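Asker: Structure in structure tokens, see below.
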Amino acid sequence: MAVRWPAEAVWEQVAPVLPGFTVEVLPELDSTNSELMRRARGGSLEPILLVAEQQTAGRGRLGRAWQSQAGASLTFSLGLPLAPADWSGLSLAVGVSIAESLDPAVQLKWPNDLWVRDRKLGGILVETASFGAGSAEAGRYAVVGVGLNIAARRAEGLSTPPAALQDLDAAADAGTTLLRIAPPLVQALQAFASFGFKPFQARFEARDALRDRPVALSDGNAGTAHGVSEAGSLLVHTAAGMQAISSSEVSVRPATTRS
Ligand code: BTN
């Protein structure tokens with residue numbers, strides 16, 4: 001069934017706080033992140049919400065592919081110039097905003113996965129492009145990509161089948177979900193630019209899917225997760241003491257499943 005996209009309603013809520021903002025919905029793209037990064041490198045630095053009904057080369061963290069199906073997924077990127085004093089924790093703040101907009105059952109798995117009952121509901125991919133190097137206008141353009149499973153889909157080689165928003169709300173669809181999450185996300189990004197990750201720390205911990213759980217890290221370490229630092233690093237108590245994991249190259253998983 002064709003999705004009804006509430007482009008105008010999103011624009012009406014966001015444009016007053018983000019001058020020059022536009023919304024664009026395209027039937028197909030390789031990746032909304034790739035498209036906004038190409039545009040930014042070509043000098044298009046206006047704030048925009050770009051939705052693709054279908055992505056042919058969706059990308060996730062750590063070079064992974066992001067699979068989605070038209071009608072069963074929501075895939076979009078929000079691009080805007082951003083100038084926080086400190087960029088640490090940006091993707092965690094994005095996760096907090098989206099989880100809070102969706103459902104109390106949505107949890108966050110460090111650094112930027114949205115989980116429901118230990119299954120992945122969605123993911124966030126933040127990328128940035130520098131502009132105006134050496135000039136007074138120098139800055140960075142942030143591309144915040146979000147992929148959410150709306151309807152259940154096949155596991156496609158995953159060990160655990162992904163979660164879908166319709167598991168929580170049978171009436172959920174991609175259009176209404178976009179309207180729920182996009183305006184608060186813009187506000188969250190503006191709050192992050194002003195105040196950094198600190199105001200999001202306790203909110204992340206309230207939804208932290210790993211809190212007090214044994215975890216295994218992809219660098220071979222293991223320990224117990226103890227929330228996140230003010231900079232958004234994952235705190236893991238290992239045999240060598242408390243470690244703050246900040247590297248985006250490290251992935252973490254619970255060492256046990258929840259019953
Ligand atoms: C992850 O879980 O590793 C992050 C997944 C991010 C997927 C979204 S879908 C919209 C945007 N375009 C992309 O190519 N990726 C992000």
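Note on naming: chains are A, B, ... as they come in the structure tokens, residues start from 1 per chain, ligands start from 1 in the order shown.
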From a DSSP calculation on the backbone, collect every residue of range 16-227 of chain A in helix (DSSP H, G or I) and output the set as a ChimeraX atom specification.

Answerer: /A:32-41,61-63,90-102,165-167,174-195,198-206

Asker: Write out as JSON, numbers by chain each polymer residue whose atoms come within 12 Å of Gly232 in chain A, counting only C-alpha atoms; drop sequence neighbours fewer than 3 positions from it.

Answerer: {"A": [86, 87, 88, 89, 90, 91, 92, 93, 94, 95, 96, 110, 111, 112, 196, 197, 198, 199, 200, 201, 202, 203, 204, 205, 208, 226, 227, 228, 229, 235, 244, 245, 246, 247, 248]}

Asker: Quick one: write out the picked residues with C-alpha atoms as a JSON list (two decimals), in the first residue's frame?

Answerer:
[["chain", "number", "residue", "atom", "x", "y", "z"],
["A", 86, "ASP", "CA", 31.74, 19.12, 21.38],
["A", 87, "TRP", "CA", 30.39, 16.48, 18.99],
["A", 88, "SER", "CA", 30.70, 13.55, 21.44],
["A", 89, "GLY", "CA", 27.44, 11.74, 22.03],
["A", 90, "LEU", "CA", 25.54, 13.19, 19.07],
["A", 91, "SER", "CA", 24.24, 9.85, 17.79],
["A", 92, "LEU", "CA", 23.23, 8.86, 21.34],
["A", 93, "ALA", "CA", 21.24, 12.10, 21.68],
["A", 94, "VAL", "CA", 19.52, 11.30, 18.37],
["A", 95, "GLY", "CA", 18.61, 7.86, 19.73],
["A", 96, "VAL", "CA", 17.20, 9.36, 22.92],
["A", 110, "TRP", "CA", 24.99, 1.83, 22.78],
["A", 111, "PRO", "CA", 25.94, 3.60, 20.69],
["A", 112, "ASN", "CA", 22.99, 4.09, 18.42],
["A", 196, "GLY", "CA", 26.08, 18.99, 24.22],
["A", 197, "PHE", "CA", 25.31, 15.44, 25.41],
["A", 198, "LYS", "CA", 25.00, 16.20, 29.13],
["A", 199, "PRO", "CA", 21.21, 16.88, 29.18],
["A", 200, "PHE", "CA", 20.69, 13.58, 27.32],
["A", 201, "GLN", "CA", 22.82, 11.40, 29.64],
["A", 202, "ALA", "CA", 20.16, 10.49, 32.21],
["A", 203, "ARG", "CA", 17.57, 10.09, 29.46],
["A", 204, "PHE", "CA", 19.87, 7.65, 27.66],
["A", 205, "GLU", "CA", 20.41, 5.70, 30.86],
["A", 208, "ASP", "CA", 19.82, 1.78, 28.27],
["A", 226, "HIS", "CA", 27.40, 0.63, 33.74],
["A", 227, "GLY", "CA", 25.73, 3.34, 31.67],
["A", 228, "VAL", "CA", 27.38, 6.15, 29.75],
["A", 229, "SER", "CA", 29.69, 9.03, 30.63],
["A", 235, "LEU", "CA", 31.29, 2.53, 30.82],
["A", 244, "ALA", "CA", 35.19, 4.18, 28.94],
["A", 245, "ILE", "CA", 34.54, 2.90, 25.42],
["A", 246, "SER", "CA", 34.30, 5.74, 22.96],
["A", 247, "SER", "CA", 35.58, 4.26, 19.73],
["A", 248, "SER", "CA", 32.95, 4.03, 17.03]]

Asker: Near Ala9 in chain A, counting only C-alpha atoms, which residues have an atom at most 12 Å away, once you skip same-chain residues fewer than 2 positions from it, shown as a ChimeraX atom specification?

Answerer: /A:4-7,11-15,22-23,175-176,178-180,182-183

Asker: How would the residues just chosen look if you wrote them out with C-alpha atoms as a short mmCIF file (atom, residue, chain, number, x, y, z; two decimals), in the first residue's frame?

Answerer:
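As written to disk, again.cif reads:
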data_model
loop_
_atom_site.label_atom_id
_atom_site.label_comp_id
_atom_site.auth_asym_id
_atom_site.auth_seq_id
_atom_site.Cartn_x
_atom_site.Cartn_y
_atom_site.Cartn_z
CA ARG A 4 0.91 8.91 2.69
CA TRP A 5 3.80 11.21 3.54
CA PRO A 6 2.95 14.13 5.86
CA ALA A 7 5.61 16.35 4.26
CA TRP A 11 7.47 21.31 7.36
CA GLU A 12 4.87 23.38 9.28
CA GLN A 13 6.26 22.20 12.62
CA VAL A 14 9.95 22.47 11.75
CA ALA A 15 10.29 25.54 9.49
CA THR A 22 12.56 21.76 3.22
CA VAL A 23 11.13 18.24 3.03
CA GLY A 175 4.19 8.45 7.43
CA THR A 176 2.72 8.95 10.91
CA LEU A 178 7.94 10.33 10.51
CA LEU A 179 5.62 13.07 11.79
CA ARG A 180 6.07 11.82 15.35
CA ALA A 182 11.10 14.44 12.92
CA PRO A 183 10.04 17.69 14.71
#

Asker: For ligand 1, list the contacting residues at 8 Å or closer, counting only C-alpha atoms and all ligand atoms, as a VMD selection string.

Answerer: chain A and resid 30 to 34 51 to 52 55 57 to 62 64 to 66 68 74 to 77 112 to 113 122 to 125 144 to 148

Asker: Please produce a file of those selected residues containing C-alpha atoms, as a short mmCIF file (atom, residue, chain, number, x, y, z; two decimals), in the first residue's frame.

Answerer:
data_model
loop_
_atom_site.label_atom_id
_atom_site.label_comp_id
_atom_site.auth_asym_id
_atom_site.auth_seq_id
_atom_site.Cartn_x
_atom_site.Cartn_y
_atom_site.Cartn_z
CA ASP A 30 20.91 4.53 -3.18
CA SER A 31 20.99 5.96 0.35
CA THR A 32 19.56 9.14 1.86
CA ASN A 33 22.83 9.64 3.79
CA SER A 34 24.93 9.22 0.64
CA VAL A 51 12.95 10.52 2.75
CA ALA A 52 13.46 7.59 0.37
CA GLN A 55 17.01 2.55 -0.70
CA ALA A 57 22.36 0.76 -1.06
CA GLY A 58 21.36 1.67 2.50
CA ARG A 59 24.35 1.93 4.81
CA GLY A 60 24.78 1.18 8.50
CA ARG A 61 27.61 1.60 10.99
CA LEU A 62 30.94 -0.17 10.56
CA ARG A 64 27.43 -2.72 7.15
CA ALA A 65 24.49 -2.67 4.73
CA TRP A 66 21.09 -1.48 5.93
CA SER A 68 14.77 -2.01 4.12
CA LEU A 74 11.04 4.32 7.29
CA THR A 75 14.36 5.55 5.90
CA PHE A 76 15.29 9.21 6.04
CA SER A 77 18.14 11.61 6.67
CA ASN A 112 22.99 4.09 18.42
CA ASP A 113 20.69 1.12 17.98
CA GLY A 122 16.23 0.63 13.98
CA GLY A 123 19.59 2.28 13.62
CA ILE A 124 21.18 5.69 13.32
CA LEU A 125 24.08 6.70 11.10
CA VAL A 144 21.59 12.21 10.61
CA GLY A 145 20.30 9.04 8.97
CA VAL A 146 17.56 6.98 10.57
CA GLY A 147 16.25 3.57 9.53
CA LEU A 148 13.27 2.02 11.32
#

Asker: Between A:Ala188, A:Ile48, A:Val250, A:Ala72, which is the closest to Tyr141 in chain A once you count only C-alpha atoms?

Answerer: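 Closest to Tyr141 in chain A, using only C-alpha atoms: A:Ile48.
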
Asker: CA of Ser44 in chain A and CA of Ala191 in chain A are how many Å apart?

Answerer: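 Separation between CA of Ser44 in chain A and CA of Ala191 in chain A: 23.4 Å.
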
Asker: Compile the contact shell of Ala164 in chain A as a VMD selection string: residues with an atom at most 10 Å away, counting only C-alpha atoms, same-chain residues fewer than 4 positions apart removed.

Answerer: chain A and resid 72 to 73 115 to 116 119 to 122 148 to 153 168 to 170 172

Asker: Mind giving me the straight-line distance from CA of Ser218 in chain A to CA of Gly241 in chain A in Å, one decimal?

Answerer: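 Between these atoms lies a distance of 17.7 Å.
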
Asker: Kindly indicate which residue among A:Ala105, A:Ala142, A:Leu185, A:Ala206 lies nearest to Leu165 in chain A, using only C-alpha atoms for the distances.

Answerer: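 Distance minimum relative to Leu165 in chain A lands on A:Ala105.
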
Asker: Rank A:Val106, A:Met37, A:Leu45, A:Ile98 by their smallest atom-to-atom distance to Glu137 in chain A, using only C-alpha atoms, and report the top residue only.

Answerer: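 Checking each of A:Val106, A:Met37, A:Leu45, A:Ile98 against Glu137 in chain A, counting only C-alpha atoms, the winner is A:Leu45.
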
Asker: By how many Å are CA of Ala133 in chain A and CA of Pro81 in chain A apart?

Answerer: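 Going from CA of Ala133 in chain A over to CA of Pro81 in chain A, I get 14.0 Å.
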
Asker: For Ala216 in chain A, list every protein, DNA or RNA residue within 12 Å, evaluated using only C-alpha atoms, and leave out those in the same chain fewer than 5 positions away; present the list as a PyMOL selection string.

Answerer: chain A and resi 210+221-225+236-238+250-256

Asker: Could you pull out the strand (DSSP E) residues of range 102-187 of chain A, going by DSSP on the backbone, and write them as a VMD selection string?

Answerer: chain A and resid 107 to 109 113 to 116 119 to 131 139 to 149

Asker: Fewer than 5 positions away in the same chain doesn't count, so skip those; otherwise give me all residues within 7 Å of Gln54 in chain A, counting only C-alpha atoms, as number ranges by chain.

Answerer: A: 27-29, 69-70
